[in-house]
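Taking it in order: structure first as structure tokens, then the write-up.
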Amino acid sequence: MTGMLTESMQEGAFGLSTGLTYVPSMNSSTEELVALCRAMAPYGGIYNSHMRNESDCVMEAIREVITIAERSGCKGHISHLKVSGKRNHGKAGECLALIHEANARGVDVSYDVYPYTAGSCGLRTLLPPEILVRETVFTPTFLLAPDTLAMLRRRYEEADWDNLLLSCGGDGIVLSAGVSGLEGRSIGEIAAQWETDAAEAVARLLCRTEGQGTIIYHALAEKDLRTFLLDPLCSIGTDAFARSYTGPSAEGCPHPRNYGAFPRWVRRYLLDEGLLSIEEGVRRITSLPAQQFDLKNRGLLQEGFCADFTIFDPKTIGERGDFLHPAQQPEGIKYVLVNGRLTVEDGVFLTEKNGRMLRMH
């Protein structure tokens with residue numbers, strides 16, 4: 001793995017990304033990740049992590065990212081930092097204290113957030129890790145067996161893993177795609193309809209979707225989100241997929257961040273509420289992330305830089321979608337130029353594709 005990562009860095013990769021709440025990344029130990037990051041440190045690589053835990057053990061998860069960056073000598077970045085669940089609301093300041101203390105002693109650690117208090121992930125993420133590693137996990141024979149359901153009911157009361165059902169509750173987790181007719185309804189509502197509990201509802205949904213369903217979970221407190229947004233180390237991302245407004249990629253009720261995260265950021269937090277100045281807010285979605293990920297000649301309106309522009313009307317810019325009707329084109333974006341060529345003109349997508357693959361070197 002070290003050899004493969006070294007070769008990738010030499011070919012222009014930016015670093016190593018992990019999703020430590022997902023299979024197979026969750027099987028990686030801290031020691032393994034330190035060894036891998038040491039291999040890419042000489043090339044200026046960045047360790048980008050969806051942390052191991054975002055709820056009851058979020059502080060430990062942040063410490064792990066810091067440890068990996070510090071011991072390996074590479075940069076560290078936390079993807080979509082959050083504190084999930086009511087039991088953890090109010091911890092944003094403690095999270096930032098850890099990150100700023102690390103930077104003060106010379107460890108380069110940054111982070112991003114998306115401007116929503118709800119996240120999204122696969123339905124399978126609701127299963128404890130010891131089940132996810134099984135090959136036969138999504139069969140009714142296994143998931144709906146009495147022993148499995150008993151184990152799930154016990155594990156859903158425990159906080160030693162990133163337990164979304166415990167931190168968000170069944171009413172705070174919504175099926176966004178996977179079963180027609182149930183999309184947009186919470187696990188609690190589905191369980192009530194089926195006259196069962198959340199554990200069995202999750203198991204039955206996973207069997208019906210063969211593990212491919214997705215959820216939206218309402219996990220954050222607005223106050224914590226704003227604490228993160230105000231911090232100078234915070235860049236703004238989407239944590240989104242590339243989706244169209246119609247067709248297969250728009251099916252169900254995907255998270256509205258897929259369509260309106262940046263218009264929402266500009267409209268709600270910059271123009272309407274004045275959380276930051278428009279100049280600083282634009283920096284958080286342009287030059288700051290470019291700096292954090294060492295994107296050369298990107299992110300600034302500067303001679304010699306690539307001409308990536310978004311031209312919007314501050315009077316009308318805004319998100320149009322919501323959690324039940326997300327696939328809506330935002331308002332107020334007139335023109336988009338990618339590498340100096342029009343991609344959106346008068347709010348209409350053009351057919352020409354102007355993007356290019358980016359390399360670190």
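Convention: chains lettered A, B, ... in structure tokens order; per-chain residue numbering from 1; ligands numbered from 1 as shown.
Non-sequential neighbours of Val344 of chain A (distance at most 9 Å, separation of 2 or more positions within a chain, only C-alpha atoms) are Thr310, Ile333, Lys334, Tyr335, Val336, Leu337, Leu342, Asp346, Gly347, Val348, Phe349 and Leu350 of chain A.
The neighbours of segment 82-99 of chain A here are the residues that come within 6 Å of it, using only C-alpha atoms and leaving out any residue fewer than 6 positions away in the same chain; they are A:Glu54, A:Ser55, A:Ser167, A:Cys168, A:Ala219, A:Leu220, A:Ala221, A:Asp224.
One distance worth recording is that between atom CA of Ala102 of chain A and atom CA of His77 of chain A, which is 12.2 Å.
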Of A:Gly172, A:Thr238, A:Met151, A:Phe138, the one sitting nearest Arg204 of chain A when using only C-alpha atoms is A:Phe138
In Å and to one decimal, atom CA of Phe14 of chain A is distant from atom CA of Glu303 of chain A by 24.1 Å
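Going from atom CA of Leu166 of chain A over to atom CA of Tyr116 of chain A, you cover 20.2 Å.
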- Assign secondary structure with DSSP using the backbone only, and return the residues of segment 86-155 of chain A in helix (DSSP H, G or I) as JSON, numbers by chain. {"A": [86, 87, 88, 92, 93, 94, 95, 96, 97, 98, 99, 100, 101, 102, 103, 104, 123, 124, 125, 126, 129, 130, 131, 132, 140, 141, 142, 143, 146, 147, 148, 149, 150, 151, 152, 153, 154, 155]}
> Using the chain letters and numbers from this document, which residues of segment 25-230 of chain A does DSSP assign to strand (DSSP E), as a list in words?
Replying inline: Ile46, Tyr47, Asn48, Ser49, His50, Lys75, Gly76, His77, Ile78, Val109, Ser110, Tyr111, Asp112, Val113, Ala118, Gly119, Ser120, Cys121, Gly122, Ile173, Val174, Leu175, Ser176, Ala177, Thr214, Ile215, Ile216, Tyr217 and His218 of chain A
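Closest approach to Arg243 of chain A among A:Ala307, A:Ala327, A:Ala201, A:Val266 is made by A:Ala327 (distances from only C-alpha atoms).
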Counting only C-alpha atoms, the residue among A:Ser287, A:Thr18, A:Ser180, A:Gln329 that lies closest to Gly252 of chain A is A:Ser180
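Proximity ranking of A:Phe228, A:Phe142, A:Leu175, A:Ile311 relative to Thr343 of chain A places A:Ile311 first, based on only C-alpha atoms.
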As a list in words, please: the residues near segment 323-326 of chain A (cut-off 9 Å, only C-alpha atoms, same-chain neighbours under 6 positions excluded).
Ser176, Glu183, Gly184, Ile216, Tyr245, Ala250, Gly252, Cys253, Pro254, His255, Pro256, Arg257, Asn258, Tyr259 and Gly260 of chain A
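Taking only C-alpha atoms into account, Pro115 of chain A lies nearest to A:Ile236 out of the set A:Ala61, A:Ile236, A:Met26, A:Ile131.
Closest approach to Ala159 of chain A among A:Ala118, A:Cys57, A:Leu270, A:Met360: A:Cys57, based on only C-alpha atoms.
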